[in-house]
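**Q** Dumping the structure here so I can ask a few things about it.
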Amino acid sequence: MTIRNLDVLFEPERLIWLGRPTLVGQQAALDKLHAGALAIDEIDDAATLAGLRPAPRSLAMIVDPVWANAATVQRLGELGCRALIWPLRDPPSREVMQTARGHLLRILGPRSVGVSHAGGFDASILPQSPRSGGLALIVQSQSVAAAAVDWAAGRQLGFSWTAVTGNEADVDVADLLDYAALDRHTKAVAVEVGRIRGARKFMSAARACARAKPTVILQTRLAVRDAAGADPVRSAAFARAGLVEVPSLPGLFDALAALQHLPTLHQSRVLVVANGAALCALSVDAVVRQNLELAKLPDEVSLWLQARLPSVRFRPGAVDIGDPALQQVLEVLDRLENLREVDALVYVRSPVAGHPHEPFARALAEARFGPRVLTVWLGLESVQTARRISAQAGQSTFTSPDAAARAISYRWEYTRNRELLTQTPPRLPPPRLDRERASRHLQRHLDEGSDSSHEAALELLSAYGIASQSRFHREALELEVHLERHLELGLHLALRIRGFGLLPWGHGFVPLDSLLAARLLGVIGLDTAARLDAADLAAANRALVRLAQIAMDQPAVERLELRLALRKGRARAARDARVWLTPGPAPERERLALAPYPEGLRQTRPLRDGSDVVMRPVLPEDEPVVIALLQSLDAESVRLRFFAHIRHFTHAMAARMTQIDYDRELAFVVYPAGTPERLLALCTLIADPDGACAEFALVVHQDSARRGLGKVLLQMLVERARDRGIDCVWGQVLAENRAMIGLARSLGFRVRADPQEPTCCRVEWRAEAAPATG
């Protein structure tokens, strides 16, 4: 289960409280619940529980271990309870979990301190109730939750909801990421994780959430208790999913402010305005440390400032305005705020004798500057009132220039990550790989009882087009590359440059295309290595893509270590390469954190006119041909498919169709056999997070109409849904689109009016209702 019945956690119609409060926090939580409008049933004995009347959408909370048993959960399920908060230290027993699953009853915990919702519902054992706002807070740690809620209250920041998952017997961070992605009240998401329970599920949910709304994450290394600092493999996974990682608890707080107040940043040009040269220098340094761009003032603006403030001084990215009158400060900020050359304006002020912070803070609040203006009131004793005034006015206010720069960088990094992750990789000729030969060699070594071998490694690399040699030329640049398994996240590539001291490792997850491989090489600095030319870099790129393919193709490979020499446009492995094999590989979902390309779904089918078409899952590099198909559709075909007239299909639109999570979505391109560059049709199947239903869509080029292609595609989509255990396939169709409605009916779809869209119909196929056959 994923998001099923999670809405009951946050918006129940009744709460059943089991046990007497024995701790101060429990009593406080019960008092908060009684202060709200929700009906509360307090249960002290079995007779009271037995006498309750059923009510749908009930939420329960067990605070006394005496109720922590399968019989209690069975009764709760009978009463219509669909969610249960489990703050107890001991986890639910196997019997409890089985009973809960039988009622689709979701359990949050153990060691969860509960949830809160912006609608006024607070079932959390936290010191204070969160303010209402647009941020979702998902944490595993009670202490992090308490600190974040308290900090946010002091900055006048609010939450759409909060949830503490604890040790995650059932509901986990991934479930809540899926819920946040679909929640219309949530505008941005902040997450803390100490452990990742299921890598494939987590990465899929994280990608979906980050694609929908800004998502930041803080990691605490609970999974490896003797480790310190951020886990670089986790960090690589977060970046691959599109999450913005923050390095510390203060960083999480800064991110909360950025997500609440700052607008989307398409560039990162920052201008500092301060009342002192040293403050300007320190603030500019803070901006540079975050790899942000220093804004450049137009000449006419500089002349305007000099005319109004004769003592003004300039430095790159900053304006020292000295200590002018309050009205002059307002005029300057008003003039600079709307410059096209500035994406974020940071006003930094140090206390001045006779000119305290408070009047300035109050004037800025009353001026209602836009969200691109950030304030930094420096000091300690004298700044509390000023910061409170700014926060109450909804302004982004920070304790230091570094904190403000960090907040801007988090907002900018989200935009940059989305752009990087939706870049279109080039279409390259497929590499010549001999997967079957490699599998035979590996199996032979396993049959001979060898689980670690140099010979097997060289045979494997040769089958994947990576040659070996006994000696490296002294001018060759050498890489150390490992294909290894992470405790939580499965197989990944780790690499670094050899011979340059303690250079950092870079980490990447399969599958890799040429763009992702280039990014990984850039992480370790290979793209700037002095001894490397473009041909060597391309050779390293090809080698990484092929090594990643080994991870996907050869489940018997548990670990692979090799040295790669780059010289004269070739990447060759040293003959001391070694592979470790396992006769009983883990399931794919445990080995690979990201779904591999479903090559097995490629098929060729005949049409009515006797011609053959190839239908294969889409690839990111298909974007140009997808855009060409969409642009060549006539206006009526576009309107019937997209319910609107679209004259130009953008990169962003096409990337959404071609860069997909194969665990959740399927998209097929269709082309005549032998002509892959000319698409005839495109179809998609997108499952909900529960995997219970999936929405289909398809478009056939008008020149290929009336050949039976639409029926073949829709039937194929239903077959794929059946293969994945999806019981419901549906689509939204314009009511005037009689051809599509007739096609759906012919395959057993039911047609009904869409109550939310009067001009549309909903066509729906269910596994128990009708087969999708021709």
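In the structure tokens, chains take letters A, B, ... by order of appearance, with residues numbered from 1 within each chain and ligands from 1 in the order shown.
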For range 557-568 of chain A, list every protein, DNA or RNA residue within 7 Å, evaluated using only C-alpha atoms, and leave out those in the same chain fewer than 4 positions away; present the list as a list in words.
**A**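 Residues near the query, excluding close chain neighbours: Phe472, Ala476, Leu477, Glu478, Leu479, Glu480, Val481, His482, Leu483, Glu484, Arg485, Ala535, Asp536, Ala540, Arg572, Ala573, Ala574, Ala577, Arg578, Val579, Trp580, Leu581 and Thr582 of chain A.
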**Q** Would you save the residues of that selection, restricted to N, CA and C atoms, as a compact mmCIF listing (two decimals), in the first residue's frame?
**A**
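New file part.txt:
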```txt
# COMPACT_ATOMS: atom_id res chain seq x y z
N PHE A 472 49.79 0.26 -18.36
CA PHE A 472 49.27 1.56 -18.77
C PHE A 472 50.43 2.47 -19.14
N ALA A 476 48.91 8.16 -19.49
CA ALA A 476 47.47 7.88 -19.42
C ALA A 476 46.90 8.42 -18.11
N LEU A 477 45.71 8.94 -18.18
CA LEU A 477 45.01 9.35 -16.96
C LEU A 477 44.19 8.16 -16.48
N GLU A 478 44.29 7.86 -15.20
CA GLU A 478 43.73 6.62 -14.67
C GLU A 478 42.55 6.89 -13.75
N LEU A 479 41.51 6.10 -13.94
CA LEU A 479 40.32 6.16 -13.08
C LEU A 479 40.22 4.87 -12.28
N GLU A 480 39.81 5.00 -11.04
CA GLU A 480 39.44 3.85 -10.23
C GLU A 480 37.92 3.78 -10.20
N VAL A 481 37.36 2.64 -10.62
CA VAL A 481 35.91 2.50 -10.77
C VAL A 481 35.44 1.26 -10.01
N HIS A 482 34.39 1.43 -9.23
CA HIS A 482 33.77 0.31 -8.53
C HIS A 482 32.29 0.25 -8.90
N LEU A 483 31.81 -0.94 -9.12
CA LEU A 483 30.38 -1.20 -9.14
C LEU A 483 30.09 -1.94 -7.84
N GLU A 484 29.41 -1.28 -6.91
CA GLU A 484 29.28 -1.85 -5.58
C GLU A 484 27.87 -1.63 -5.04
N ARG A 485 27.61 -2.30 -3.93
CA ARG A 485 26.27 -2.28 -3.38
C ARG A 485 26.24 -1.46 -2.10
N ALA A 535 38.32 13.45 -26.81
CA ALA A 535 38.19 12.04 -27.18
C ALA A 535 38.33 11.14 -25.96
N ASP A 536 39.25 11.48 -25.06
CA ASP A 536 39.42 10.69 -23.84
C ASP A 536 38.17 10.79 -22.96
N ALA A 540 35.72 7.74 -21.69
CA ALA A 540 35.33 7.49 -20.30
C ALA A 540 33.82 7.45 -20.17
N ARG A 572 40.71 1.74 -21.46
CA ARG A 572 41.07 0.33 -21.33
C ARG A 572 41.22 -0.03 -19.86
N ALA A 573 40.80 -1.27 -19.54
CA ALA A 573 40.86 -1.73 -18.16
C ALA A 573 42.17 -2.44 -17.88
N ALA A 574 42.66 -2.28 -16.66
CA ALA A 574 43.84 -3.03 -16.23
C ALA A 574 43.45 -4.50 -16.04
N ALA A 577 41.52 -6.24 -12.91
CA ALA A 577 40.09 -6.07 -12.62
C ALA A 577 39.55 -7.33 -11.95
N ARG A 578 38.58 -7.16 -11.07
CA ARG A 578 38.05 -8.29 -10.32
C ARG A 578 36.54 -8.16 -10.18
N VAL A 579 35.84 -9.29 -10.29
CA VAL A 579 34.39 -9.31 -10.14
C VAL A 579 34.03 -10.31 -9.04
N TRP A 580 33.04 -9.96 -8.24
CA TRP A 580 32.51 -10.85 -7.21
C TRP A 580 31.10 -11.26 -7.66
N LEU A 581 30.83 -12.57 -7.61
CA LEU A 581 29.58 -13.11 -8.12
C LEU A 581 28.76 -13.74 -7.00
N THR A 582 27.47 -13.80 -7.21
CA THR A 582 26.58 -14.46 -6.27
C THR A 582 25.66 -15.41 -7.03
```
**Q** Extract, using only C-alpha atoms, all DNA, RNA and protein residues at most 10 Å from Asn417 in chain A, discarding same-chain residues fewer than 3 positions from it, and format them as a list in words.
**A**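 After dropping sequence-adjacent residues, the list is Ala210, Arg211, Ala239, Arg240, Ala241, Gly242, Leu243, Val244, Trp412, Glu413, Tyr414, Leu420, Leu421 and Thr422 of chain A.
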**Q** Can you write just those residues out, all heavy atoms, as a compact mmCIF listing (two decimals), in the first residue's frame?
**A**
```txt
# COMPACT_ATOMS: atom_id res chain seq x y z
N ALA A 210 9.37 15.61 -6.36
CA ALA A 210 10.25 16.70 -6.79
C ALA A 210 9.85 17.24 -8.15
O ALA A 210 10.06 18.42 -8.44
CB ALA A 210 11.70 16.21 -6.82
N ARG A 211 9.27 16.40 -8.98
CA ARG A 211 8.81 16.88 -10.29
C ARG A 211 7.59 17.78 -10.13
O ARG A 211 7.38 18.71 -10.91
CB ARG A 211 8.47 15.68 -11.18
CG ARG A 211 7.91 16.06 -12.53
CD ARG A 211 7.81 14.86 -13.46
NE ARG A 211 9.09 14.60 -14.10
CZ ARG A 211 9.25 13.77 -15.12
NH1 ARG A 211 8.24 13.09 -15.59
NH2 ARG A 211 10.44 13.59 -15.67
N ALA A 239 20.10 13.77 -5.41
CA ALA A 239 20.28 14.64 -6.58
C ALA A 239 19.66 14.02 -7.82
O ALA A 239 19.03 14.71 -8.63
CB ALA A 239 21.77 14.91 -6.79
N ARG A 240 19.82 12.71 -7.98
CA ARG A 240 19.25 12.03 -9.15
C ARG A 240 17.73 12.11 -9.14
O ARG A 240 17.08 12.18 -10.19
CB ARG A 240 19.71 10.57 -9.16
CG ARG A 240 19.19 9.73 -10.32
CD ARG A 240 19.82 10.14 -11.65
NE ARG A 240 19.33 9.30 -12.74
CZ ARG A 240 19.91 8.19 -13.17
NH1 ARG A 240 21.04 7.78 -12.61
NH2 ARG A 240 19.40 7.50 -14.15
N ALA A 241 17.14 12.11 -7.93
CA ALA A 241 15.68 12.21 -7.83
C ALA A 241 15.17 13.64 -7.99
O ALA A 241 13.96 13.84 -8.13
CB ALA A 241 15.22 11.66 -6.48
N GLY A 242 16.06 14.63 -7.96
CA GLY A 242 15.63 16.02 -8.08
C GLY A 242 15.39 16.70 -6.76
O GLY A 242 14.88 17.82 -6.71
N LEU A 243 15.77 16.04 -5.64
CA LEU A 243 15.63 16.66 -4.33
C LEU A 243 16.77 17.64 -4.09
O LEU A 243 17.88 17.46 -4.60
CB LEU A 243 15.65 15.59 -3.24
CG LEU A 243 14.65 14.43 -3.36
CD1 LEU A 243 14.87 13.44 -2.22
CD2 LEU A 243 13.22 14.96 -3.33
N VAL A 244 16.51 18.65 -3.29
CA VAL A 244 17.54 19.60 -2.88
C VAL A 244 17.97 19.22 -1.47
O VAL A 244 17.17 19.27 -0.53
CB VAL A 244 17.03 21.05 -2.91
CG1 VAL A 244 18.10 22.00 -2.39
CG2 VAL A 244 16.60 21.43 -4.32
N TRP A 412 17.16 28.17 -5.91
CA TRP A 412 17.76 28.13 -7.24
C TRP A 412 18.15 26.70 -7.62
O TRP A 412 17.97 26.28 -8.77
CB TRP A 412 18.98 29.04 -7.27
CG TRP A 412 19.95 28.77 -8.37
CD1 TRP A 412 21.27 28.45 -8.26
CD2 TRP A 412 19.70 28.80 -9.79
NE1 TRP A 412 21.84 28.26 -9.49
CE2 TRP A 412 20.90 28.48 -10.45
CE3 TRP A 412 18.57 29.05 -10.55
CZ2 TRP A 412 21.01 28.41 -11.83
CZ3 TRP A 412 18.68 28.98 -11.93
CH2 TRP A 412 19.89 28.68 -12.55
N GLU A 413 18.65 25.94 -6.66
CA GLU A 413 19.09 24.57 -6.95
C GLU A 413 17.93 23.72 -7.42
O GLU A 413 18.10 22.85 -8.27
CB GLU A 413 19.74 23.96 -5.72
CG GLU A 413 20.39 22.61 -5.99
CD GLU A 413 21.11 22.06 -4.78
OE1 GLU A 413 21.37 22.81 -3.83
OE2 GLU A 413 21.39 20.84 -4.78
N TYR A 414 16.74 23.95 -6.86
CA TYR A 414 15.59 23.17 -7.31
C TYR A 414 15.32 23.42 -8.79
O TYR A 414 15.12 22.47 -9.57
CB TYR A 414 14.36 23.54 -6.48
CG TYR A 414 13.08 22.93 -7.02
CD1 TYR A 414 12.86 21.56 -6.94
CD2 TYR A 414 12.11 23.71 -7.64
CE1 TYR A 414 11.71 20.99 -7.45
CE2 TYR A 414 10.95 23.14 -8.15
CZ TYR A 414 10.75 21.78 -8.05
OH TYR A 414 9.62 21.22 -8.56
N LEU A 420 18.46 20.29 -15.33
CA LEU A 420 19.47 19.29 -15.63
C LEU A 420 18.85 17.92 -15.87
O LEU A 420 19.24 17.18 -16.78
CB LEU A 420 20.49 19.21 -14.48
CG LEU A 420 21.44 20.37 -14.33
CD1 LEU A 420 22.29 20.21 -13.07
CD2 LEU A 420 22.35 20.50 -15.55
N LEU A 421 17.87 17.57 -15.03
CA LEU A 421 17.28 16.24 -15.11
C LEU A 421 16.33 16.07 -16.28
O LEU A 421 15.93 14.95 -16.59
CB LEU A 421 16.56 15.91 -13.80
CG LEU A 421 17.47 15.73 -12.58
CD1 LEU A 421 16.66 15.58 -11.32
CD2 LEU A 421 18.40 14.54 -12.78
N THR A 422 15.97 17.18 -16.92
CA THR A 422 15.10 17.06 -18.09
C THR A 422 15.83 17.42 -19.38
O THR A 422 15.20 17.57 -20.43
CB THR A 422 13.86 17.97 -17.95
OG1 THR A 422 14.27 19.33 -17.75
CG2 THR A 422 13.00 17.53 -16.78
```
**Q** When you draw a straight line from CA of Pro425 in chain A to CA of Leu630 in chain A, how long is it in Å?
**A** 19.4 Å
**Q** DSSP on the backbone, then: every residue of range 130-362 of chain A marked strand (DSSP E or B), written as a PyMOL selection string.
**A** chain A and resi 132-139+159-164+188-193+215-219+244-246+269-274+293-294+313-315+318-320+344-349+352+355
**Q** Export C-alpha atoms of the chosen residues as a short mmCIF file (atom, residue, chain, number, x, y, z; two decimals), in the first residue's frame?
**A**
```cif
data_model
loop_
_atom_site.label_atom_id
_atom_site.label_comp_id
_atom_site.auth_asym_id
_atom_site.auth_seq_id
_atom_site.Cartn_x
_atom_site.Cartn_y
_atom_site.Cartn_z
CA SER A 132 -1.29 26.80 9.00
CA GLY A 133 0.57 27.24 5.71
CA GLY A 134 1.63 25.58 2.48
CA LEU A 135 4.59 23.39 3.53
CA ALA A 136 4.39 19.67 4.21
CA LEU A 137 6.85 18.44 6.84
CA ILE A 138 7.78 14.74 6.70
CA VAL A 139 10.27 13.53 9.32
CA PHE A 159 2.45 23.88 7.35
CA SER A 160 -0.23 22.22 5.27
CA TRP A 161 0.44 19.16 7.43
CA THR A 162 3.15 17.47 9.45
CA ALA A 163 3.83 13.78 9.98
CA VAL A 164 6.41 11.93 12.08
CA ALA A 188 6.49 22.63 -1.11
CA VAL A 189 7.88 19.74 0.94
CA ALA A 190 10.60 19.39 3.59
CA VAL A 191 11.86 15.91 4.54
CA GLU A 192 14.21 14.40 7.13
CA VAL A 193 15.37 10.79 6.77
CA THR A 215 11.29 19.32 -2.16
CA VAL A 216 14.24 19.62 0.24
CA ILE A 217 15.75 16.83 2.30
CA LEU A 218 18.01 16.50 5.36
CA GLN A 219 19.68 13.18 6.06
CA VAL A 244 17.54 19.60 -2.88
CA GLU A 245 19.70 18.37 0.00
CA VAL A 246 20.41 20.61 2.99
CA ARG A 269 21.68 36.85 -9.72
CA VAL A 270 21.91 38.30 -6.21
CA LEU A 271 22.35 41.95 -5.23
CA VAL A 272 23.35 42.93 -1.69
CA VAL A 273 22.37 46.27 -0.20
CA ALA A 274 24.05 46.98 3.16
CA GLU A 293 25.84 34.86 -9.43
CA LEU A 294 26.59 38.45 -8.45
CA ARG A 313 29.90 52.94 -2.84
CA PHE A 314 29.80 50.01 -5.21
CA ARG A 315 31.51 46.65 -5.38
CA ALA A 318 26.77 44.91 -3.67
CA VAL A 319 25.80 48.49 -2.89
CA ASP A 320 27.03 50.17 0.30
CA ALA A 344 17.08 38.27 -5.33
CA LEU A 345 17.77 41.43 -3.31
CA VAL A 346 19.31 41.00 0.16
CA TYR A 347 19.08 43.98 2.51
CA VAL A 348 21.67 43.63 5.30
CA ARG A 349 21.61 46.06 8.21
CA VAL A 352 23.45 52.16 14.18
CA HIS A 355 18.82 54.50 14.25
#
```
**Q** Taking the backbone alone, and naming residues the way the document does, which bits of range 279-475 of chain A are helix (DSSP H, G or I) by DSSP, as a ChimeraX atom specification?
**A** /A:279-289,299-308,326-337,357-367,384-392,401-421,435-447,454-463
**Q** Could you jot down the CA of Ser468 in chain A to CA of Arg575 in chain A separation for me, Å, one decimal place?
**A**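 Interatomic distance, CA of Ser468 in chain A to CA of Arg575 in chain A: 6.0 Å.
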